[in-house]
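upload.txt, holding compact mmCIF, C-alpha atoms and all ligand atoms:
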# COMPACT_ATOMS: atom_id res chain seq x y z
CA MET U 642 6.47 -25.40 9.81
CA SER U 643 4.15 -22.67 11.06
CA GLU U 644 2.02 -20.67 8.70
CA SER U 645 4.42 -17.76 9.06
CA ASP U 646 7.43 -19.79 7.94
CA ALA U 647 5.85 -20.58 4.59
CA MET U 648 8.17 -20.05 1.61
CA ALA U 649 8.66 -16.72 -0.09
CA LEU U 650 6.29 -16.55 -3.04
CA LEU U 651 6.70 -14.87 -6.40
CA GLU U 652 3.42 -16.21 -7.67
CA THR U 653 0.51 -17.52 -5.63
CA GLN U 654 -1.42 -20.67 -6.52
CA VAL U 655 -4.90 -20.96 -5.20
CA PRO U 656 -7.60 -23.24 -6.64
CA LEU U 657 -9.96 -20.40 -7.57
CA LEU U 658 -10.52 -18.36 -10.71
CA LEU U 659 -7.63 -15.92 -11.09
CA LEU U 660 -8.99 -12.53 -12.16
CA TYR U 661 -5.90 -10.40 -12.13
CA ARG U 662 -2.22 -10.46 -11.29
CA GLY U 663 -1.11 -7.01 -10.12
CA LYS U 664 2.41 -5.91 -9.34
CA VAL U 665 2.11 -7.48 -5.89
CA ARG U 666 -1.31 -9.14 -5.45
CA ASP U 667 -3.06 -12.00 -7.17
CA ILE U 668 -6.82 -11.49 -7.11
CA TYR U 669 -9.16 -14.50 -7.13
CA ASP U 670 -12.91 -14.68 -7.54
CA VAL U 671 -14.66 -16.31 -4.58
CA GLY U 672 -18.19 -15.77 -5.86
CA ASP U 673 -20.96 -13.91 -4.03
CA ASN U 674 -19.41 -10.56 -4.84
CA ARG U 675 -16.26 -11.34 -2.90
CA LEU U 676 -12.57 -11.58 -3.80
CA LEU U 677 -9.56 -13.26 -2.25
CA MET U 678 -6.66 -10.84 -2.47
CA VAL U 679 -3.43 -12.76 -2.00
CA ALA U 680 -0.31 -10.65 -1.48
CA SER U 681 2.76 -12.30 -2.98
CA ASP U 682 6.32 -11.42 -1.94
CA ARG U 683 6.99 -9.67 -5.24
CA VAL U 684 8.85 -6.40 -4.95
CA SER U 685 8.88 -3.80 -7.66
CA ALA U 686 11.30 -0.94 -8.16
CA PHE U 687 10.94 1.68 -10.87
CA ASP U 688 7.79 -0.25 -11.91
CA VAL U 689 9.81 -3.38 -12.73
CA ILE U 690 9.10 -6.56 -10.74
CA LEU U 691 12.35 -7.96 -9.41
CA THR U 692 13.39 -11.59 -9.79
CA GLN U 693 13.83 -12.32 -6.08
CA PRO U 694 10.87 -12.34 -3.70
CA ILE U 695 11.20 -10.66 -0.29
CA PRO U 696 10.26 -13.26 2.35
CA ARG U 697 7.34 -12.18 4.58
CA LYS U 698 6.61 -9.01 2.60
CA GLY U 699 3.13 -10.15 1.52
CA GLU U 700 2.31 -11.11 5.07
CA VAL U 701 3.42 -7.71 6.40
CA LEU U 702 1.32 -5.84 3.81
CA THR U 703 -1.78 -7.92 4.58
CA GLN U 704 -1.53 -7.89 8.37
CA LEU U 705 -0.65 -4.20 8.49
CA THR U 706 -3.64 -3.33 6.30
CA ALA U 707 -5.87 -5.36 8.64
CA TRP U 708 -4.43 -3.58 11.68
CA TRP U 709 -5.09 -0.15 10.17
CA LEU U 710 -8.59 -1.06 8.96
CA ASP U 711 -9.44 -2.30 12.45
CA SER U 712 -8.39 1.08 13.85
CA LEU U 713 -10.43 2.86 11.15
CA ARG U 714 -13.73 1.14 11.88
CA ASP U 715 -15.35 4.36 13.14
CA VAL U 716 -13.88 6.50 10.37
CA LEU U 717 -15.20 4.96 7.14
CA ASP U 718 -16.49 1.82 5.38
CA HIS U 719 -13.90 -0.53 3.87
CA HIS U 720 -13.76 -3.75 1.87
CA LEU U 721 -12.17 -6.17 4.35
CA LEU U 722 -14.35 -9.08 5.47
CA SER U 723 -11.65 -11.20 7.08
CA CYS U 724 -7.99 -12.06 7.07
CA ASP U 725 -8.32 -14.80 9.68
CA PRO U 726 -7.51 -18.11 7.90
CA ASP U 727 -9.98 -20.10 10.02
CA GLU U 728 -12.77 -17.73 9.20
CA ILE U 729 -11.83 -17.61 5.51
CA VAL U 730 -11.95 -21.43 5.34
CA GLU U 731 -15.30 -21.35 7.05
CA GLN U 732 -16.65 -18.93 4.46
CA VAL U 733 -14.89 -20.54 1.48
CA PRO U 734 -14.55 -24.26 2.28
CA SER U 735 -12.83 -25.00 -1.05
CA LEU U 736 -9.76 -23.17 0.31
CA ARG U 737 -9.16 -25.66 3.14
CA GLU U 738 -6.63 -27.90 1.36
CA SER U 739 -4.53 -25.06 -0.05
CA ARG U 740 -4.33 -23.15 3.22
CA ASP U 741 -0.50 -23.05 3.32
CA ALA U 742 -0.49 -21.28 -0.05
CA TRP U 743 -2.54 -18.29 1.10
CA ALA U 744 -2.83 -18.09 4.90
CA ARG U 745 -1.49 -14.90 6.56
CA ARG U 746 -1.04 -13.17 3.21
CA SER U 747 -4.71 -13.05 2.14
CA MET U 748 -7.74 -10.89 2.65
CA LEU U 749 -11.31 -11.87 1.91
CA VAL U 750 -12.88 -8.65 0.62
CA HIS U 751 -16.03 -7.21 -0.88
CA ARG U 752 -15.68 -7.06 -4.63
CA THR U 753 -16.07 -3.49 -5.89
CA GLU U 754 -15.86 -1.49 -9.07
CA PRO U 755 -12.63 0.43 -8.42
CA VAL U 756 -12.66 4.22 -8.87
CA MET U 757 -10.06 4.90 -11.54
CA VAL U 758 -8.34 7.62 -9.53
CA GLU U 759 -5.47 7.07 -7.11
CA CYS U 760 -6.18 9.20 -4.06
CA VAL U 761 -2.80 10.45 -2.93
CA ILE U 762 -2.43 12.61 0.16
CA ARG U 763 0.82 14.44 0.75
CA GLY U 764 1.85 16.02 4.02
CA TYR U 765 5.39 16.65 2.81
CA VAL U 766 7.01 17.60 -0.50
CA SER U 767 8.72 14.50 -1.83
CA GLY U 768 9.03 12.29 -4.90
CA SER U 769 6.96 13.38 -7.88
CA ALA U 770 5.54 16.29 -5.83
CA TRP U 771 9.03 17.69 -5.30
CA LYS U 772 9.67 17.29 -9.03
CA GLU U 773 6.48 19.17 -9.92
CA TYR U 774 7.15 21.92 -7.37
CA ARG U 775 10.73 22.40 -8.52
CA THR U 776 9.61 22.66 -12.14
CA SER U 777 6.46 24.75 -11.85
CA GLY U 778 5.98 25.85 -8.20
CA THR U 779 2.75 23.84 -8.01
CA LEU U 780 1.39 20.61 -6.56
CA ALA U 781 -1.53 18.86 -8.28
CA GLY U 782 -1.75 22.03 -10.35
CA GLU U 783 -2.26 24.31 -7.31
CA ARG U 784 0.30 26.97 -6.49
CA LEU U 785 2.37 26.34 -3.34
CA PRO U 786 4.25 28.94 -1.26
CA GLU U 787 7.65 29.90 -2.62
CA GLY U 788 10.91 28.74 -1.09
CA LEU U 789 9.98 25.21 -0.05
CA VAL U 790 12.87 22.76 0.08
CA GLU U 791 12.80 19.01 -0.59
CA SER U 792 10.93 17.03 2.11
CA ASP U 793 9.48 20.21 3.68
CA LYS U 794 6.25 19.82 5.62
CA LEU U 795 3.22 21.39 3.93
CA SER U 796 1.14 23.78 6.04
CA ALA U 797 -1.74 21.33 5.57
CA PRO U 798 -1.92 17.94 3.82
CA ILE U 799 -2.92 18.15 0.16
CA PHE U 800 -5.05 15.83 -1.99
CA SER U 801 -2.84 15.14 -4.98
CA PRO U 802 -4.68 12.63 -7.20
CA ALA U 803 -3.26 10.55 -10.02
CA THR U 804 -4.72 8.49 -12.83
CA LYS U 805 -4.75 4.76 -12.20
CA ALA U 806 -2.66 3.67 -15.16
CA GLN U 807 -3.25 0.08 -16.33
CA THR U 808 0.33 -0.02 -17.52
CA GLY U 809 3.27 2.27 -16.95
CA HIS U 810 3.52 5.22 -14.61
CA ASP U 811 0.60 6.93 -12.92
CA GLU U 812 0.16 10.52 -13.95
CA ASN U 813 -0.62 13.34 -11.50
CA ILE U 814 -3.85 15.16 -12.32
CA PRO U 815 -5.46 18.32 -10.91
CA PHE U 816 -8.58 18.11 -8.73
CA SER U 817 -10.63 19.58 -11.58
CA ARG U 818 -9.87 16.44 -13.61
CA VAL U 819 -11.23 14.23 -10.77
CA VAL U 820 -14.41 16.33 -10.87
CA GLU U 821 -14.65 15.70 -14.63
CA LEU U 822 -14.11 11.97 -14.18
CA GLN U 823 -16.21 11.26 -11.07
CA GLY U 824 -18.53 14.22 -10.69
CA GLU U 825 -18.21 16.98 -8.12
CA GLU U 826 -19.93 15.24 -5.24
CA GLU U 827 -17.83 12.09 -5.44
CA ALA U 828 -14.62 14.04 -6.06
CA ASN U 829 -15.23 15.96 -2.83
CA ARG U 830 -16.02 12.77 -1.00
CA LEU U 831 -12.82 11.08 -2.20
CA ARG U 832 -10.81 14.07 -1.05
CA GLU U 833 -12.48 14.29 2.36
CA LEU U 834 -12.27 10.58 3.12
CA SER U 835 -8.64 10.43 1.99
CA LEU U 836 -7.71 13.40 4.16
CA ALA U 837 -9.46 11.82 7.15
CA VAL U 838 -7.61 8.51 6.75
CA TYR U 839 -4.30 10.32 6.26
CA GLU U 840 -4.85 12.35 9.46
CA HIS U 841 -5.69 9.19 11.35
CA GLY U 842 -2.61 7.40 10.02
CA ALA U 843 -0.26 10.35 10.49
CA THR U 844 -1.36 10.84 14.11
CA ILE U 845 -0.83 7.19 15.06
CA ALA U 846 2.45 6.96 13.14
CA LYS U 847 3.74 10.08 14.90
CA GLU U 848 3.07 8.51 18.30
CA HIS U 849 5.46 5.78 17.18
CA GLY U 850 8.19 8.11 15.97
CA ILE U 851 7.29 7.79 12.31
CA ILE U 852 6.37 10.50 9.82
CA LEU U 853 3.71 9.56 7.27
CA ALA U 854 5.04 11.74 4.46
CA ASP U 855 2.47 10.69 1.89
CA THR U 856 0.21 7.80 1.03
CA LYS U 857 -2.11 6.51 -1.66
CA PHE U 858 -5.66 5.22 -1.21
CA GLU U 859 -8.05 3.47 -3.56
CA PHE U 860 -11.82 3.44 -3.36
CA GLY U 861 -14.44 1.27 -5.02
CA HIS U 862 -18.20 1.08 -5.45
CA HIS U 863 -19.93 -1.87 -3.87
CA SER U 864 -23.00 -3.17 -5.69
CA ASP U 865 -25.05 -2.08 -2.65
CA GLY U 866 -24.13 1.52 -3.51
CA ARG U 867 -21.56 2.15 -0.79
CA LEU U 868 -18.22 3.79 -1.53
CA LEU U 869 -15.59 1.60 0.19
CA LEU U 870 -11.92 2.07 0.99
CA ILE U 871 -10.26 -0.83 -0.88
CA ASP U 872 -6.82 -2.30 -1.61
CA GLU U 873 -3.92 -2.04 0.82
CA VAL U 874 -4.02 0.73 3.43
CA LEU U 875 -1.12 2.69 4.93
CA THR U 876 1.50 0.08 4.10
CA PRO U 877 5.14 0.72 3.23
CA ASP U 878 4.29 -0.06 -0.43
CA SER U 879 1.60 2.61 -0.59
CA SER U 880 3.19 5.17 1.74
CA ARG U 881 6.41 6.97 2.53
CA PHE U 882 7.29 6.35 6.16
CA TRP U 883 10.23 8.34 7.53
CA PRO U 884 11.89 7.83 10.92
CA ALA U 885 11.05 11.11 12.73
CA ASP U 886 14.39 11.27 14.57
CA LEU U 887 16.31 11.35 11.27
CA TYR U 888 14.04 13.88 9.53
CA GLU U 889 15.85 16.84 8.03
CA PRO U 890 14.29 19.00 5.31
CA GLY U 891 16.46 20.01 2.36
CA ARG U 892 17.28 16.50 1.17
CA GLY U 893 15.67 13.16 0.37
CA GLN U 894 14.85 11.08 3.49
CA THR U 895 15.71 7.50 4.31
CA SER U 896 12.48 5.60 4.08
CA LEU U 897 11.58 2.58 6.15
CA ASP U 898 10.90 0.11 3.37
CA LYS U 899 12.66 -0.85 0.15
CA GLN U 900 15.52 1.57 0.76
CA PRO U 901 18.15 -1.22 0.63
CA VAL U 902 16.77 -2.27 -2.77
CA ARG U 903 16.65 1.28 -4.09
CA ASP U 904 20.15 2.07 -2.83
CA LEU U 905 21.48 -0.99 -4.63
CA LEU U 906 19.66 -0.27 -7.88
CA ASP U 907 20.48 3.45 -7.81
CA GLY U 908 24.14 2.50 -7.67
CA MET U 909 23.81 0.31 -10.77
CA THR U 910 24.33 2.89 -13.46
CA GLU U 911 24.59 0.15 -16.09
CA TRP U 912 20.92 -0.88 -15.53
CA ASP U 913 18.48 1.17 -17.65
CA LYS U 914 15.49 0.59 -15.31
CA SER U 915 13.68 -1.74 -17.70
CA ALA U 916 13.19 -5.52 -17.61
CA PRO U 917 15.06 -7.77 -17.03
CA PRO U 918 16.08 -6.39 -13.65
CA PRO U 919 19.40 -7.23 -11.96
CA ASP U 920 19.55 -9.91 -9.24
CA LEU U 921 19.35 -8.85 -5.61
CA PRO U 922 22.19 -10.12 -3.42
CA GLU U 923 21.04 -12.26 -0.50
CA GLN U 924 22.02 -9.62 2.01
CA VAL U 925 19.84 -6.98 0.37
CA VAL U 926 16.90 -9.40 0.39
CA ARG U 927 17.50 -10.12 4.08
CA GLU U 928 17.78 -6.44 4.98
CA THR U 929 14.59 -5.66 3.10
CA THR U 930 12.61 -8.35 4.96
CA GLU U 931 14.00 -6.82 8.17
CA ARG U 932 12.77 -3.36 7.11
CA TYR U 933 9.25 -4.57 6.43
CA MET U 934 9.11 -6.42 9.74
CA GLU U 935 10.52 -3.43 11.58
CA ILE U 936 7.91 -1.04 10.24
CA PHE U 937 5.22 -3.51 11.27
CA ARG U 938 6.68 -3.77 14.77
CA ARG U 939 7.14 -0.03 15.18
CA LEU U 940 3.65 0.92 14.03
CA THR U 941 1.64 -1.82 15.74
CA GLY U 942 3.84 -2.40 18.77
CA THR U 943 3.55 -6.15 18.07
CA GLU U 944 5.93 -8.65 16.50
CA LEU U 945 4.55 -9.99 13.23
CA ASP U 946 4.65 -13.55 14.62
CA ASP U 947 2.57 -12.55 17.65
CA PHE U 948 -0.05 -10.64 15.68
CA ARG U 949 -3.51 -12.18 15.49
CA PRO U 950 -5.93 -10.91 12.84
CA PRO U 951 -8.66 -8.64 14.15
CA ASN U 952 -12.28 -9.65 13.86
CA PHE U 953 -14.30 -7.72 11.30
CA GLY U 954 -17.56 -9.60 11.80
N1 LIG Z 1001 -12.18 -4.61 -3.04
C1 LIG Z 1001 -11.68 -4.54 -4.29
N2 LIG Z 1001 -12.47 -4.72 -5.38
C2 LIG Z 1001 -11.96 -4.68 -6.63
N3 LIG Z 1001 -10.65 -4.47 -6.90
C3 LIG Z 1001 -9.82 -4.28 -5.86
C4 LIG Z 1001 -10.27 -4.31 -4.51
N4 LIG Z 1001 -9.22 -4.07 -3.69
C5 LIG Z 1001 -8.16 -3.90 -4.50
N5 LIG Z 1001 -8.49 -4.03 -5.80
C6 LIG Z 1001 -7.58 -3.95 -6.96
O1 LIG Z 1001 -6.70 -5.06 -6.87
C7 LIG Z 1001 -5.38 -4.70 -7.29
C8 LIG Z 1001 -4.40 -4.99 -6.16
O2 LIG Z 1001 -3.26 -5.65 -6.62
P1 LIG Z 1001 -1.87 -4.89 -6.81
O3 LIG Z 1001 -0.84 -5.93 -6.95
O4 LIG Z 1001 -1.69 -3.87 -5.75
O5 LIG Z 1001 -2.17 -4.25 -8.21
P2 LIG Z 1001 -1.52 -2.99 -8.96
O6 LIG Z 1001 -0.32 -3.49 -9.67
O7 LIG Z 1001 -2.64 -2.62 -9.90
O8 LIG Z 1001 -1.22 -1.97 -7.90
C9 LIG Z 1001 -5.44 -3.23 -7.62
O9 LIG Z 1001 -5.56 -3.06 -9.02
C10 LIG Z 1001 -6.70 -2.73 -6.92
O10 LIG Z 1001 -7.32 -1.67 -7.61
MG MG Z 1002 -1.21 -1.82 -5.86
Here is the file; what I need is its structure written in the form of structure tokens.
Amino acid sequence: MSESDAMALLETQVPLLLLYRGKVRDIYDVGDNRLLMVASDRVSAFDVILTQPIPRKGEVLTQLTAWWLDSLRDVLDHHLLSCDPDEIVEQVPSLRESRDAWARRSMLVHRTEPVMVECVIRGYVSGSAWKEYRTSGTLAGERLPEGLVESDKLSAPIFSPATKAQTGHDENIPFSRVVELQGEEEANRLRELSLAVYEHGATIAKEHGIILADTKFEFGHHSDGRLLLIDEVLTPDSSRFWPADLYEPGRGQTSLDKQPVRDLLDGMTEWDKSAPPPDLPEQVVRETTERYMEIFRRLTGTELDDFRPPNFG
């Protein structure tokens, strides 16, 4: 069995101190101000984690983040030290025996103090932004032109921050609230860096026939004082990717990720969107794996199985 054929994982097991289980990632302490972020195959919908894992999802999220961060090396500082299993074992020898449990789905990263603001950039009016606009004509508290329809392109991408809720839904906040929380200088920095990474991502995605409608970034403070881009970057879990050839304003768009899961769950009027979630039929699981692998292939131009982790040394 190759490393890529490893089983789908709902919960990772690595012989290190577990610090946190997120919706998708299990975060382990590696010492020396470093973390091992292991992406499971958990999938969440409506903030509920589903019972069935999506094979290869964690691997796609990790490898895609590494691919983007490699392309961003001249744009800003980030947390990724390595996602090459050989190099990770070299740096953390205690991980040698458990390699099958974490290889291909893990990133060795600088540990940071996360900024408690989700840095969302929107190039198009969709999701909660469409809801806010329809209700009040604004986005992140700022007035938008009248007459926009759902999924319309904005004249320029907008920083549309949200609180980083420990539990439950994130809440959109105006820029002035980010200034209150982080100070003016850092608020401006978060906005500028986020816009720069969005522009970078949107340009590359467009070359591959994909619209980057919106995306969410996280930043953290390293103990050496640097502000680093952390977490996953420009993945289908943190972004809305739309096939450009199917784009049509005035309605919701098909997105290139968990759409099969959402379509199924949307159709289940008897489910009240709280735990326990309904089971996913095998075919939906299979189609969702396909979606994740397809977005990886389309963006990077490489099959997931042929992709070798970049060197961040
Ligand atoms: N370099 C880092 N230092 C500290 N925390 C990080 C770093 N990178 C990511 N994180 C945190 O790890 C978690 C990632 O796991 P995830 O499953 O995505 O969690 P969540 O359910 O909170 O989104 C996030 O809470 C994120 O803020
Ligand atoms: Mg997350």
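The space between atom CA of Val925 of chain U and atom CA of Arg903 of chain U spans 9.9 Å.
Of the listed residues U:His863, U:Pro802, U:Arg939, U:Met934, the one whose atoms come nearest to Asp718 of chain U is U:His863, with distances taken using all atoms listed in the file.
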Determine, for each residue of chain U having at least one atom at most 10 Å from an atom of ligand LIG 1001 (chain Z), the closest pair of atoms and their separation in Å to one decimal, counting only C-alpha atoms and all ligand atoms; order by chain and ascending number, as JSON lines.
{"residue": "U:Leu660", "atom": "CA", "partner": "Z:LIG1001", "partner_atom": "O1", "distance": 9.4}
{"residue": "U:Tyr661", "atom": "CA", "partner": "Z:LIG1001", "partner_atom": "C7", "distance": 7.5}
{"residue": "U:Arg662", "atom": "CA", "partner": "Z:LIG1001", "partner_atom": "O3", "distance": 6.4}
{"residue": "U:Gly663", "atom": "CA", "partner": "Z:LIG1001", "partner_atom": "O3", "distance": 3.4}
{"residue": "U:Lys664", "atom": "CA", "partner": "Z:LIG1001", "partner_atom": "O6", "distance": 3.7}
{"residue": "U:Val665", "atom": "CA", "partner": "Z:LIG1001", "partner_atom": "O3", "distance": 3.5}
{"residue": "U:Arg666", "atom": "CA", "partner": "Z:LIG1001", "partner_atom": "O3", "distance": 3.6}
{"residue": "U:Asp667", "atom": "CA", "partner": "Z:LIG1001", "partner_atom": "O2", "distance": 6.4}
{"residue": "U:Ile668", "atom": "CA", "partner": "Z:LIG1001", "partner_atom": "O1", "distance": 6.4}
{"residue": "U:Tyr669", "atom": "CA", "partner": "Z:LIG1001", "partner_atom": "O1", "distance": 9.8}
{"residue": "U:Asn674", "atom": "CA", "partner": "Z:LIG1001", "partner_atom": "N2", "distance": 9.1}
{"residue": "U:Arg675", "atom": "CA", "partner": "Z:LIG1001", "partner_atom": "N1", "distance": 7.9}
{"residue": "U:Leu676", "atom": "CA", "partner": "Z:LIG1001", "partner_atom": "N1", "distance": 7.0}
{"residue": "U:Leu677", "atom": "CA", "partner": "Z:LIG1001", "partner_atom": "N1", "distance": 9.1}
{"residue": "U:Met678", "atom": "CA", "partner": "Z:LIG1001", "partner_atom": "O1", "distance": 7.3}
{"residue": "U:Val679", "atom": "CA", "partner": "Z:LIG1001", "partner_atom": "O2", "distance": 8.5}
{"residue": "U:Ala680", "atom": "CA", "partner": "Z:LIG1001", "partner_atom": "O3", "distance": 7.2}
{"residue": "U:Ser681", "atom": "CA", "partner": "Z:LIG1001", "partner_atom": "O3", "distance": 8.3}
{"residue": "U:Arg683", "atom": "CA", "partner": "Z:LIG1001", "partner_atom": "O3", "distance": 8.8}
{"residue": "U:Val684", "atom": "CA", "partner": "Z:LIG1001", "partner_atom": "O3", "distance": 9.9}
{"residue": "U:Ser685", "atom": "CA", "partner": "Z:LIG1001", "partner_atom": "O6", "distance": 9.4}
{"residue": "U:Asp688", "atom": "CA", "partner": "Z:LIG1001", "partner_atom": "O6", "distance": 9.0}
{"residue": "U:Ile690", "atom": "CA", "partner": "Z:LIG1001", "partner_atom": "O6", "distance": 10.0}
{"residue": "U:His719", "atom": "CA", "partner": "Z:LIG1001", "partner_atom": "N1", "distance": 8.2}
{"residue": "U:His720", "atom": "CA", "partner": "Z:LIG1001", "partner_atom": "N1", "distance": 5.2}
{"residue": "U:Leu721", "atom": "CA", "partner": "Z:LIG1001", "partner_atom": "N1", "distance": 7.6}
{"residue": "U:Leu722", "atom": "CA", "partner": "Z:LIG1001", "partner_atom": "N1", "distance": 9.9}
{"residue": "U:Met748", "atom": "CA", "partner": "Z:LIG1001", "partner_atom": "N4", "distance": 9.4}
{"residue": "U:Leu749", "atom": "CA", "partner": "Z:LIG1001", "partner_atom": "N1", "distance": 8.8}
{"residue": "U:Val750", "atom": "CA", "partner": "Z:LIG1001", "partner_atom": "N1", "distance": 5.5}
{"residue": "U:His751", "atom": "CA", "partner": "Z:LIG1001", "partner_atom": "N1", "distance": 5.1}
{"residue": "U:Arg752", "atom": "CA", "partner": "Z:LIG1001", "partner_atom": "N2", "distance": 4.0}
{"residue": "U:Thr753", "atom": "CA", "partner": "Z:LIG1001", "partner_atom": "N2", "distance": 3.8}
{"residue": "U:Glu754", "atom": "CA", "partner": "Z:LIG1001", "partner_atom": "C2", "distance": 5.6}
{"residue": "U:Pro755", "atom": "CA", "partner": "Z:LIG1001", "partner_atom": "C2", "distance": 5.5}
{"residue": "U:Val756", "atom": "CA", "partner": "Z:LIG1001", "partner_atom": "O10", "distance": 8.0}
{"residue": "U:Met757", "atom": "CA", "partner": "Z:LIG1001", "partner_atom": "O10", "distance": 8.1}
{"residue": "U:Val758", "atom": "CA", "partner": "Z:LIG1001", "partner_atom": "O10", "distance": 9.5}
{"residue": "U:Glu759", "atom": "CA", "partner": "Z:LIG1001", "partner_atom": "O10", "distance": 8.9}
{"residue": "U:Lys805", "atom": "CA", "partner": "Z:LIG1001", "partner_atom": "O7", "distance": 8.0}
{"residue": "U:Ala806", "atom": "CA", "partner": "Z:LIG1001", "partner_atom": "O7", "distance": 8.2}
{"residue": "U:Gln807", "atom": "CA", "partner": "Z:LIG1001", "partner_atom": "O7", "distance": 7.0}
{"residue": "U:Thr808", "atom": "CA", "partner": "Z:LIG1001", "partner_atom": "O7", "distance": 8.6}
{"residue": "U:Gly809", "atom": "CA", "partner": "Z:LIG1001", "partner_atom": "O6", "distance": 10.0}
{"residue": "U:Phe858", "atom": "CA", "partner": "Z:LIG1001", "partner_atom": "O10", "distance": 9.5}
{"residue": "U:Glu859", "atom": "CA", "partner": "Z:LIG1001", "partner_atom": "O10", "distance": 6.6}
{"residue": "U:Phe860", "atom": "CA", "partner": "Z:LIG1001", "partner_atom": "N4", "distance": 8.0}
{"residue": "U:Gly861", "atom": "CA", "partner": "Z:LIG1001", "partner_atom": "N2", "distance": 6.3}
{"residue": "U:His862", "atom": "CA", "partner": "Z:LIG1001", "partner_atom": "N2", "distance": 8.2}
{"residue": "U:His863", "atom": "CA", "partner": "Z:LIG1001", "partner_atom": "N2", "distance": 8.1}
{"residue": "U:Leu869", "atom": "CA", "partner": "Z:LIG1001", "partner_atom": "N1", "distance": 7.8}
{"residue": "U:Leu870", "atom": "CA", "partner": "Z:LIG1001", "partner_atom": "N1", "distance": 7.8}
{"residue": "U:Ile871", "atom": "CA", "partner": "Z:LIG1001", "partner_atom": "N4", "distance": 4.4}
{"residue": "U:Asp872", "atom": "CA", "partner": "Z:LIG1001", "partner_atom": "C5", "distance": 3.6}
{"residue": "U:Glu873", "atom": "CA", "partner": "Z:LIG1001", "partner_atom": "C5", "distance": 7.1}
{"residue": "U:Asp878", "atom": "CA", "partner": "Z:LIG1001", "partner_atom": "O4", "distance": 8.9}
{"residue": "U:Ser879", "atom": "CA", "partner": "Z:LIG1001", "partner_atom": "O4", "distance": 8.9}
#### Entry: For ligand MG 1002 (chain Z), the nearest of the candidates U:Asp711, U:Asp811, U:Glu833, U:Asp946, counting only C-alpha atoms and all ligand atoms
U:Asp811
### Query
To one decimal place, how far is atom CA of Tyr839 of chain U from atom CA of Pro877 of chain U in Å?
13.8 Å
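Using all atoms listed in the file, the shortest contact distance between Leu822 of chain U and any of U:Ala803, U:Leu921, U:Val671, U:Ala837 is found at U:Ala803.
With distances taken over only C-alpha atoms and all ligand atoms, U:Leu702 is the one residue among U:Leu702, U:Ile762, U:Leu785, U:Ile799 lying closest to ligand MG 1002 (chain Z).
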How would segment 937-946 of chain U look with N, CA, C and O atoms restored, written as a PDB file, in the frame of the given file?
ATOM      1  N   PHE U 937       6.386  -2.886  10.659  1.00  0.00           N
ATOM      2  CA  PHE U 937       5.220  -3.510  11.270  1.00  0.00           C
ATOM      3  C   PHE U 937       5.309  -3.419  12.791  1.00  0.00           C
ATOM      4  O   PHE U 937       4.361  -3.019  13.468  1.00  0.00           O
ATOM      5  N   ARG U 938       6.463  -3.781  13.323  1.00  0.00           N
ATOM      6  CA  ARG U 938       6.680  -3.770  14.770  1.00  0.00           C
ATOM      7  C   ARG U 938       6.543  -2.361  15.332  1.00  0.00           C
ATOM      8  O   ARG U 938       5.889  -2.130  16.337  1.00  0.00           O
ATOM      9  N   ARG U 939       7.152  -1.392  14.640  1.00  0.00           N
ATOM     10  CA  ARG U 939       7.140  -0.030  15.180  1.00  0.00           C
ATOM     11  C   ARG U 939       5.742   0.563  15.178  1.00  0.00           C
ATOM     12  O   ARG U 939       5.346   1.247  16.114  1.00  0.00           O
ATOM     13  N   LEU U 940       4.993   0.321  14.110  1.00  0.00           N
ATOM     14  CA  LEU U 940       3.650   0.920  14.030  1.00  0.00           C
ATOM     15  C   LEU U 940       2.676   0.236  14.987  1.00  0.00           C
ATOM     16  O   LEU U 940       1.931   0.903  15.708  1.00  0.00           O
ATOM     17  N   THR U 941       2.676  -1.095  14.988  1.00  0.00           N
ATOM     18  CA  THR U 941       1.640  -1.820  15.740  1.00  0.00           C
ATOM     19  C   THR U 941       2.057  -2.115  17.169  1.00  0.00           C
ATOM     20  O   THR U 941       1.218  -2.459  17.997  1.00  0.00           O
ATOM     21  N   GLY U 942       3.359  -2.036  17.451  1.00  0.00           N
ATOM     22  CA  GLY U 942       3.840  -2.400  18.770  1.00  0.00           C
ATOM     23  C   GLY U 942       3.817  -3.909  19.007  1.00  0.00           C
ATOM     24  O   GLY U 942       3.962  -4.367  20.140  1.00  0.00           O
ATOM     25  N   THR U 943       3.624  -4.693  17.942  1.00  0.00           N
ATOM     26  CA  THR U 943       3.550  -6.150  18.070  1.00  0.00           C
ATOM     27  C   THR U 943       4.497  -6.782  17.055  1.00  0.00           C
ATOM     28  O   THR U 943       4.632  -6.299  15.937  1.00  0.00           O
ATOM     29  N   GLU U 944       5.138  -7.876  17.461  1.00  0.00           N
ATOM     30  CA  GLU U 944       5.930  -8.650  16.500  1.00  0.00           C
ATOM     31  C   GLU U 944       4.975  -9.297  15.504  1.00  0.00           C
ATOM     32  O   GLU U 944       3.908  -9.778  15.901  1.00  0.00           O
ATOM     33  N   LEU U 945       5.397  -9.383  14.258  1.00  0.00           N
ATOM     34  CA  LEU U 945       4.550  -9.990  13.230  1.00  0.00           C
ATOM     35  C   LEU U 945       4.087 -11.391  13.650  1.00  0.00           C
ATOM     36  O   LEU U 945       2.926 -11.769  13.464  1.00  0.00           O
ATOM     37  N   ASP U 946       5.000 -12.172  14.240  1.00  0.00           N
ATOM     38  CA  ASP U 946       4.650 -13.550  14.620  1.00  0.00           C
ATOM     39  C   ASP U 946       3.623 -13.614  15.746  1.00  0.00           C
ATOM     40  O   ASP U 946       2.964 -14.630  15.923  1.00  0.00           O
TER      41      ASP U 946
END
